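Trainee: File name upload10.pdb; file contents PDB, C-alpha atoms; full text below.
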ATOM      1  CA  MET L  15       3.131  13.416   2.780
ATOM      2  CA  GLN L  16       4.447  10.909   5.294
ATOM      3  CA  PRO L  17       8.037   9.735   4.523
ATOM      4  CA  LYS L  18       7.220   6.120   5.400
ATOM      5  CA  ALA L  19       4.339   6.108   2.923
ATOM      6  CA  THR L  20       6.552   7.212   0.037
ATOM      7  CA  GLU L  21       8.941   4.331   0.771
ATOM      8  CA  ASN L  22       6.170   1.856  -0.120
ATOM      9  CA  LEU L  23       5.610   3.012  -3.706
ATOM     10  CA  PRO L  24       5.849  -0.193  -5.796
ATOM     11  CA  PRO L  25       7.310  -0.115  -9.319
ATOM     12  CA  LEU L  26       5.213  -1.476 -12.193
ATOM     13  CA  ALA L  27       6.938  -2.881 -15.290
ATOM     14  CA  GLY L  28      10.073  -1.122 -14.110
ATOM     15  CA  VAL L  29       8.307   2.231 -13.835
ATOM     16  CA  THR L  30       8.611   3.954 -10.456
ATOM     17  CA  PRO L  31       5.475   5.952  -9.616
ATOM     18  CA  VAL L  32       5.503   9.659  -8.838
ATOM     19  CA  PRO L  33       4.184  10.268  -5.273
ATOM     20  CA  ARG L  34       1.232  12.570  -4.688
ATOM     21  CA  SER L  35      -0.780  13.640  -1.669
ATOM     22  CA  VAL L  36      -4.568  13.903  -1.943
ATOM     23  CA  PRO L  37      -6.189  15.656   1.046
ATOM     24  CA  ALA L  38      -9.504  14.331   2.341
ATOM     25  CA  GLY L  39     -12.478  15.692   0.422
ATOM     26  CA  THR L  40     -10.504  16.571  -2.710
ATOM     27  CA  THR L  41     -10.260  14.805  -6.065
ATOM     28  CA  LEU L  42      -7.206  13.235  -7.634
ATOM     29  CA  PHE L  43      -8.849  13.561 -11.042
ATOM     30  CA  ARG L  44     -12.298  14.283 -12.414
ATOM     31  CA  GLN L  45     -14.464  12.651 -15.025
ATOM     32  CA  GLY L  46     -13.389  14.060 -18.406
ATOM     33  CA  ASP L  47      -9.875  15.096 -17.316
ATOM     34  CA  SER L  48      -7.040  14.126 -19.661
ATOM     35  CA  ALA L  49      -5.682  10.686 -18.760
ATOM     36  CA  ILE L  50      -2.045  11.110 -17.766
ATOM     37  CA  GLY L  51      -1.473   7.779 -16.041
ATOM     38  CA  ILE L  52      -2.724   5.105 -13.692
ATOM     39  CA  PHE L  53      -2.339   5.089  -9.921
ATOM     40  CA  VAL L  54      -1.624   2.951  -6.894
ATOM     41  CA  LEU L  55      -3.130   3.800  -3.507
ATOM     42  CA  VAL L  56      -0.434   3.695  -0.834
ATOM     43  CA  ALA L  57      -2.361   5.032   2.153
ATOM     44  CA  GLY L  58      -5.877   6.219   2.882
ATOM     45  CA  CYS L  59      -9.283   5.485   1.383
ATOM     46  CA  LEU L  60     -10.267   6.642  -2.100
ATOM     47  CA  ARG L  61     -13.493   6.132  -4.055
ATOM     48  CA  LEU L  62     -14.028   6.037  -7.803
ATOM     49  CA  VAL L  63     -17.313   7.831  -8.427
ATOM     50  CA  ARG L  64     -19.253   8.417 -11.641
ATOM     51  CA  VAL L  65     -21.541  11.403 -12.055
ATOM     52  CA  THR L  66     -24.850  10.425 -13.689
ATOM     53  CA  PRO L  67     -26.677  12.596 -16.257
ATOM     54  CA  ASP L  68     -29.179  13.715 -13.595
ATOM     55  CA  GLY L  69     -26.377  14.951 -11.338
ATOM     56  CA  GLY L  70     -26.336  11.967  -8.990
ATOM     57  CA  THR L  71     -23.276   9.902  -8.112
ATOM     58  CA  VAL L  72     -22.569   6.171  -8.195
ATOM     59  CA  THR L  73     -19.622   4.580  -6.378
ATOM     60  CA  LEU L  74     -17.873   2.284  -8.849
ATOM     61  CA  HIS L  75     -15.068   1.085  -6.624
ATOM     62  CA  LEU L  76     -13.539   1.661  -3.226
ATOM     63  CA  ALA L  77      -9.750   1.554  -3.603
ATOM     64  CA  ARG L  78      -7.703   0.160  -0.738
ATOM     65  CA  PRO L  79      -3.989   0.475   0.027
ATOM     66  CA  GLY L  80      -1.902  -1.563  -2.406
ATOM     67  CA  GLU L  81      -4.489  -1.454  -5.204
ATOM     68  CA  THR L  82      -3.939   0.081  -8.592
ATOM     69  CA  PHE L  83      -6.798   1.962 -10.216
ATOM     70  CA  ALA L  84      -7.763   3.913 -13.367
ATOM     71  CA  GLU L  85      -6.229   1.203 -15.581
ATOM     72  CA  PRO L  86      -8.742   1.878 -18.433
ATOM     73  CA  SER L  87      -7.071   5.267 -18.873
ATOM     74  CA  LEU L  88      -4.220   3.447 -20.661
ATOM     75  CA  PHE L  89      -6.662   2.989 -23.553
ATOM     76  CA  SER L  90      -8.519   6.283 -23.302
ATOM     77  CA  LYS L  91      -7.738   9.965 -23.652
ATOM     78  CA  HIS L  92      -9.881  10.879 -20.649
ATOM     79  CA  TYR L  93     -10.784   9.544 -17.196
ATOM     80  CA  HIS L  94     -14.297   8.111 -16.995
ATOM     81  CA  CYS L  95     -14.999   8.899 -13.332
ATOM     82  CA  ASP L  96     -13.944  11.024 -10.366
ATOM     83  CA  ALA L  97     -11.345   9.820  -7.858
ATOM     84  CA  LEU L  98     -12.442  11.217  -4.490
ATOM     85  CA  ALA L  99     -10.353  10.977  -1.331
ATOM     86  CA  ASP L 100     -12.482   9.977   1.680
ATOM     87  CA  THR L 101      -9.431  10.420   3.930
ATOM     88  CA  ASP L 102      -5.997  11.954   3.486
ATOM     89  CA  CYS L 103      -4.409   9.762   0.824
ATOM     90  CA  VAL L 104      -0.992   9.046  -0.596
ATOM     91  CA  VAL L 105      -0.942   7.738  -4.168
ATOM     92  CA  GLY L 106       1.683   6.945  -6.764
ATOM     93  CA  MET L 107       1.143   7.905 -10.405
ATOM     94  CA  TYR L 108       2.599   5.792 -13.231
ATOM     95  CA  PRO L 109       3.016   8.120 -16.241
ATOM     96  CA  LYS L 110       0.918   6.773 -19.100
ATOM     97  CA  ALA L 111       3.363   7.027 -22.019
ATOM     98  CA  LYS L 112       6.276   5.527 -20.082
ATOM     99  CA  LEU L 113       4.185   2.676 -18.668
ATOM    100  CA  ILE L 114       2.724   1.731 -22.056
ATOM    101  CA  SER L 115       6.224   1.663 -23.544
ATOM    102  CA  GLN L 116       7.534  -0.573 -20.757
ATOM    103  CA  LEU L 117       4.592  -2.988 -20.889
ATOM    104  CA  ARG L 118       5.029  -3.414 -24.627
ATOM    105  CA  ALA L 119       8.724  -4.116 -24.147
ATOM    106  CA  ASP L 120       8.435  -6.547 -21.212
ATOM    107  CA  PRO L 121       6.198  -9.631 -21.786
ATOM    108  CA  GLU L 122       6.541 -10.825 -18.176
ATOM    109  CA  ALA L 123       5.453  -7.455 -16.792
ATOM    110  CA  LEU L 124       2.560  -7.374 -19.260
ATOM    111  CA  TRP L 125       1.495 -10.865 -18.163
ATOM    112  CA  ASN L 126       1.555  -9.886 -14.470
ATOM    113  CA  PHE L 127      -0.423  -6.728 -15.209
ATOM    114  CA  THR L 128      -3.002  -8.759 -17.154
ATOM    115  CA  HIS L 129      -3.259 -11.243 -14.295
ATOM    116  CA  GLU L 130      -4.048  -8.439 -11.855
ATOM    117  CA  LEU L 131      -6.727  -7.052 -14.189
ATOM    118  CA  ALA L 132      -8.303 -10.518 -14.434
ATOM    119  CA  ARG L 133      -8.370 -10.785 -10.624
ATOM    120  CA  ARG L 134     -10.035  -7.393 -10.390
ATOM    121  CA  LEU L 135     -12.625  -8.419 -12.995
ATOM    122  CA  GLN L 136     -13.430 -11.525 -10.952
ATOM    123  CA  GLY L 137     -13.981  -9.338  -7.896
ATOM    124  CA  LEU L 138     -16.225  -7.011  -9.883
ATOM    125  CA  ARG L 139     -18.363  -9.929 -11.028
ATOM    126  CA  GLN L 140     -18.667 -11.163  -7.451
ATOM    127  CA  ARG L 141     -19.870  -7.744  -6.300
ATOM    128  CA  TYR L 142     -22.414  -7.649  -9.140
ATOM    129  CA  GLU L 143     -23.714 -11.099  -8.256
ATOM    130  CA  LEU L 144     -24.012 -10.154  -4.586
ATOM    131  CA  LYS L 145     -26.069  -7.082  -5.423
ATOM    132  CA  GLN L 146     -28.539  -9.266  -7.333
ATOM    133  CA  ILE L 147     -29.501 -10.990  -4.063
ATOM    134  CA  ARG L 148     -32.583  -9.101  -2.882
ATOM    135  CA  SER L 149     -32.550 -10.279   0.730
ATOM    136  CA  ALA L 150     -30.080  -8.209   2.763
ATOM    137  CA  PRO L 151     -29.355 -11.067   5.237
ATOM    138  CA  GLU L 152     -28.696 -13.524   2.401
ATOM    139  CA  ARG L 153     -26.534 -10.951   0.613
ATOM    140  CA  VAL L 154     -24.407 -10.420   3.714
ATOM    141  CA  LEU L 155     -24.124 -14.159   4.393
ATOM    142  CA  GLN L 156     -22.999 -14.839   0.820
ATOM    143  CA  PHE L 157     -20.452 -12.021   1.098
ATOM    144  CA  LEU L 158     -19.034 -13.623   4.237
ATOM    145  CA  ARG L 159     -18.923 -17.069   2.628
ATOM    146  CA  LEU L 160     -16.869 -15.608  -0.211
ATOM    147  CA  ARG L 161     -14.576 -13.400   1.859
ATOM    148  CA  CYS L 162     -14.016 -15.151   5.186
ATOM    149  CA  ASP L 163     -10.826 -17.118   5.788
ATOM    150  CA  GLU L 164     -10.713 -20.856   6.524
ATOM    151  CA  ASN L 165     -11.725 -20.160  10.119
ATOM    152  CA  GLY L 166     -14.808 -18.240   9.075
ATOM    153  CA  ARG L 167     -13.402 -14.842  10.053
ATOM    154  CA  LEU L 168     -13.621 -11.791   7.817
ATOM    155  CA  ARG L 169     -10.262 -10.123   7.408
ATOM    156  CA  ALA L 170     -11.168  -7.134   5.285
ATOM    157  CA  ALA L 171      -9.429  -3.788   5.147
ATOM    158  CA  GLY L 172     -11.553  -0.765   5.841
ATOM    159  CA  THR L 173     -14.673  -0.255   7.926
ATOM    160  CA  LEU L 174     -18.224  -1.587   7.994
ATOM    161  CA  LYS L 175     -19.213   1.495   5.995
ATOM    162  CA  ASP L 176     -16.825   0.293   3.284
ATOM    163  CA  VAL L 177     -18.474  -3.146   3.380
ATOM    164  CA  ALA L 178     -21.891  -1.490   3.065
ATOM    165  CA  ILE L 179     -20.776   0.384  -0.056
ATOM    166  CA  GLU L 180     -19.421  -2.825  -1.575
ATOM    167  CA  LEU L 181     -22.714  -4.609  -0.873
ATOM    168  CA  GLY L 182     -24.880  -1.774  -2.166
ATOM    169  CA  LEU L 183     -26.489  -1.220   1.254
ATOM    170  CA  THR L 184     -26.730   1.856   3.435
ATOM    171  CA  HIS L 185     -24.583   1.508   6.541
ATOM    172  CA  GLU L 186     -27.766   1.653   8.649
ATOM    173  CA  ALA L 187     -29.231  -1.273   6.693
ATOM    174  CA  LEU L 188     -25.996  -3.230   7.105
ATOM    175  CA  TYR L 189     -25.943  -2.666  10.877
ATOM    176  CA  ARG L 190     -29.575  -3.811  11.177
ATOM    177  CA  THR L 191     -28.814  -6.877   9.075
ATOM    178  CA  LEU L 192     -25.780  -7.806  11.158
ATOM    179  CA  THR L 193     -27.852  -7.497  14.324
ATOM    180  CA  THR L 194     -30.507  -9.786  12.811
ATOM    181  CA  LEU L 195     -27.928 -12.378  11.742
ATOM    182  CA  GLU L 196     -26.278 -12.291  15.152
ATOM    183  CA  GLN L 197     -29.634 -12.762  16.892
ATOM    184  CA  ARG L 198     -30.343 -15.731  14.622
ATOM    185  CA  GLY L 199     -27.021 -17.270  15.625
ATOM    186  CA  LEU L 200     -25.562 -17.184  12.106
ATOM    187  CA  ILE L 201     -22.694 -14.783  12.780
ATOM    188  CA  SER L 202     -20.720 -13.430  15.713
ATOM    189  CA  ARG L 203     -18.937 -10.106  16.111
ATOM    190  CA  PRO L 204     -15.855 -10.615  18.287
ATOM    191  CA  GLU L 205     -13.938  -7.395  19.000
ATOM    192  CA  GLY L 206     -15.714  -5.605  16.195
ATOM    193  CA  GLY L 207     -14.917  -8.312  13.628
ATOM    194  CA  LEU L 208     -17.277 -10.577  11.718
ATOM    195  CA  CYS L 209     -17.359 -14.379  11.850
ATOM    196  CA  LEU L 210     -19.574 -17.086  10.452
ATOM    197  CA  VAL L 211     -20.739 -19.079  13.476
ATOM    198  CA  SER L 212     -19.963 -22.364  11.738
ATOM    199  CA  GLY L 213     -16.312 -21.319  11.825
ATOM    200  CA  ARG L 214     -15.886 -22.316   8.210
ATOM    201  CA  LYS L 215     -16.970 -21.067   4.826
ATOM    202  CA  ARG L 216     -19.855 -22.984   3.309
TER     203      ARG L 216
END
As structure tokens, please, write out the structure in this file.
Mentor:
Amino acid sequence: MQPKATENLPPLAGVTPVPRSVPAGTTLFRQGDSAIGIFVLVAGCLRLVRVTPDGGTVTLHLARPGETFAEPSLFSKHYHCDALADTDCVVGMYPKAKLISQLRADPEALWNFTHELARRLQGLRQRYELKQIRSAPERVLQFLRLRCDENGRLRAAGTLKDVAIELGLTHEALYRTLTTLEQRGLISRPEGGLCLVSGRKR
């Protein structure tokens, strides 16, 4: 574990998380494991994946540094998905019993925690709505309208493969779509970034 990474472990409701290293290709927890706490991703890229009855997998969420995840485990005895490290990761674990006790005792901390959950729910609804758009070009354009800054530039953590997962596209389909949109003059790709040509969100 990198020393600098462990310095960035944020407390939640006064609870300091326990640092853990998760090597690339390994799981932090598996679907059905006993829920011992929730986590914050400090460094790396980690996916929450559910195994379907036929043995397939579905990516539920791609966690990014600074995000908490596995919050439903506060209300469940078991985790409902796998947490798979795509890269070497550093996480912090908030012990379940201690965190529940602190949240019940601190209304302000509980309010802040609820606010974060509401923000995450809004993001989940946006991703669902995007995936209902059948046209890949229109799906990507709507994603950019929602996520670009006031200058029309996308400032997203992660890679284009991460964007593809969020949009429910293969990375090959996303690359083809970006090429099409660029050829149509609707986007530009300066220095590997993504921009709406209008320069502003519509």
Trainee: Just to confirm, what's the straight-line distance from CA of Gly51 (chain L) to CA of Lys112 (chain L) in Å (one decimal)?
Mentor: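 So the answer is 9.0 Å.
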Trainee: Using the chain letters and residue numbers of this document, give as a list in words the residues selected by the PyMOL selection byres ((chain L and resi 33-46) around 6).
Mentor: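 Going through the file, the PyMOL selection byres ((chain L and resi 33-46) around 6) ends up selecting Met15, Val32, Asp47, His92, Tyr93, His94, Cys95, Asp96, Ala97, Leu98, Ala99, Asp100, Thr101, Asp102, Cys103, Val104, Val105 and Gly106 of chain L.
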Trainee: Hey, can you pull every residue with an atom no more than 9 Å from (10.7, 3.6, -13.9), using only C-alpha atoms, and send it as number ranges by chain?
Mentor: L: 25-31, 108, 112-113, 116
Trainee: For this file, the PyMOL selection byres ((chain L and resi 156) around 12) selects which residues, as a short mmCIF file (atom, residue, chain, number, x, y, z; two decimals) with C-alpha atoms, in the frame of the given file?
Mentor:
data_model
loop_
_atom_site.label_atom_id
_atom_site.label_comp_id
_atom_site.auth_asym_id
_atom_site.auth_seq_id
_atom_site.Cartn_x
_atom_site.Cartn_y
_atom_site.Cartn_z
CA GLN L 140 -18.67 -11.16 -7.45
CA ARG L 141 -19.87 -7.74 -6.30
CA GLU L 143 -23.71 -11.10 -8.26
CA LEU L 144 -24.01 -10.15 -4.59
CA LYS L 145 -26.07 -7.08 -5.42
CA GLN L 146 -28.54 -9.27 -7.33
CA ILE L 147 -29.50 -10.99 -4.06
CA ARG L 148 -32.58 -9.10 -2.88
CA SER L 149 -32.55 -10.28 0.73
CA ALA L 150 -30.08 -8.21 2.76
CA PRO L 151 -29.36 -11.07 5.24
CA GLU L 152 -28.70 -13.52 2.40
CA ARG L 153 -26.53 -10.95 0.61
CA VAL L 154 -24.41 -10.42 3.71
CA LEU L 155 -24.12 -14.16 4.39
CA PHE L 157 -20.45 -12.02 1.10
CA LEU L 158 -19.03 -13.62 4.24
CA ARG L 159 -18.92 -17.07 2.63
CA LEU L 160 -16.87 -15.61 -0.21
CA ARG L 161 -14.58 -13.40 1.86
CA CYS L 162 -14.02 -15.15 5.19
CA LEU L 181 -22.71 -4.61 -0.87
CA LEU L 200 -25.56 -17.18 12.11
CA ILE L 201 -22.69 -14.78 12.78
CA LEU L 210 -19.57 -17.09 10.45
CA LYS L 215 -16.97 -21.07 4.83
CA ARG L 216 -19.86 -22.98 3.31
#
Trainee: Provide the CA of Val211 (chain L) to CA of Thr194 (chain L) distance in Å, to one decimal place.
Mentor: 13.5 Å
Trainee: Measure the distance from CA of Lys91 (chain L) to CA of Ile52 (chain L) in Å and round it to one decimal.
Mentor: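 Between CA of Lys91 (chain L) and CA of Ile52 (chain L) the gap works out to 12.2 Å.
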Trainee: Please list as number ranges by chain every residue within 9 Å of Leu192 (chain L), counting all atoms listed in the file and excluding residues in the same chain fewer than 2 positions away.
Mentor: L: 151, 154, 187-190, 194-197, 201-203, 208
Trainee: Which one is closest to Glu81 (chain L): L:Arg134, L:Arg139, L:His185, L:Lys175? Count only C-alpha atoms.
Mentor: L:Arg134
Trainee: Nearest to Ile114 (chain L) among L:Ser87, L:Thr82, L:Asn126, L:Thr184, with distances taken over only C-alpha atoms: which residue is it?
Mentor: L:Ser87
Trainee: Any chance you could work out the residue set of the PyMOL selection byres ((chain L and resi 83) around 9) here, as a compact mmCIF listing (two decimals) with C-alpha atoms, in the frame of the given file?
Mentor:
# COMPACT_ATOMS: atom_id res chain seq x y z
CA ILE L 52 -2.72 5.11 -13.69
CA PHE L 53 -2.34 5.09 -9.92
CA VAL L 54 -1.62 2.95 -6.89
CA LEU L 55 -3.13 3.80 -3.51
CA LEU L 62 -14.03 6.04 -7.80
CA ALA L 77 -9.75 1.55 -3.60
CA GLU L 81 -4.49 -1.45 -5.20
CA THR L 82 -3.94 0.08 -8.59
CA ALA L 84 -7.76 3.91 -13.37
CA GLU L 85 -6.23 1.20 -15.58
CA PRO L 86 -8.74 1.88 -18.43
Trainee: Output as a compact mmCIF listing (two decimals), keeping the file's coordinate frame: region 168-185 of chain L, completed with N, CA and C atoms.
Mentor:
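Once written, out.txt looks like this:
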# COMPACT_ATOMS: atom_id res chain seq x y z
N LEU L 168 -13.82 -12.78 8.86
CA LEU L 168 -13.62 -11.79 7.82
C LEU L 168 -12.40 -10.96 8.16
N ARG L 169 -11.46 -10.94 7.23
CA ARG L 169 -10.26 -10.12 7.41
C ARG L 169 -10.21 -9.12 6.26
N ALA L 170 -11.07 -8.13 6.35
CA ALA L 170 -11.17 -7.13 5.28
C ALA L 170 -10.61 -5.81 5.76
N ALA L 171 -9.90 -5.13 4.83
CA ALA L 171 -9.43 -3.79 5.15
C ALA L 171 -10.62 -2.83 5.12
N GLY L 172 -10.49 -1.75 5.86
CA GLY L 172 -11.55 -0.76 5.84
C GLY L 172 -12.54 -0.97 6.97
N THR L 173 -13.66 -0.28 6.88
CA THR L 173 -14.67 -0.26 7.93
C THR L 173 -15.95 -0.93 7.46
N LEU L 174 -16.93 -1.04 8.37
CA LEU L 174 -18.22 -1.59 7.99
C LEU L 174 -18.92 -0.69 6.97
N LYS L 175 -18.65 0.61 7.01
CA LYS L 175 -19.21 1.50 6.00
C LYS L 175 -18.68 1.14 4.62
N ASP L 176 -17.41 0.74 4.55
CA ASP L 176 -16.82 0.29 3.28
C ASP L 176 -17.50 -0.98 2.80
N VAL L 177 -17.76 -1.90 3.73
CA VAL L 177 -18.47 -3.15 3.38
C VAL L 177 -19.87 -2.83 2.86
N ALA L 178 -20.54 -1.88 3.50
CA ALA L 178 -21.89 -1.49 3.06
C ALA L 178 -21.87 -0.98 1.63
N ILE L 179 -20.89 -0.15 1.31
CA ILE L 179 -20.78 0.38 -0.06
C ILE L 179 -20.57 -0.76 -1.04
N GLU L 180 -19.70 -1.70 -0.69
CA GLU L 180 -19.42 -2.82 -1.58
C GLU L 180 -20.66 -3.68 -1.80
N LEU L 181 -21.51 -3.78 -0.78
CA LEU L 181 -22.71 -4.61 -0.87
C LEU L 181 -23.91 -3.85 -1.45
N GLY L 182 -23.76 -2.55 -1.65
CA GLY L 182 -24.88 -1.77 -2.17
C GLY L 182 -25.95 -1.54 -1.13
N LEU L 183 -25.56 -1.48 0.15
CA LEU L 183 -26.49 -1.22 1.25
C LEU L 183 -26.10 0.09 1.94
N THR L 184 -27.08 0.74 2.57
CA THR L 184 -26.73 1.86 3.44
C THR L 184 -26.06 1.27 4.67
N HIS L 185 -25.24 2.08 5.36
CA HIS L 185 -24.58 1.51 6.54
C HIS L 185 -25.60 1.20 7.64
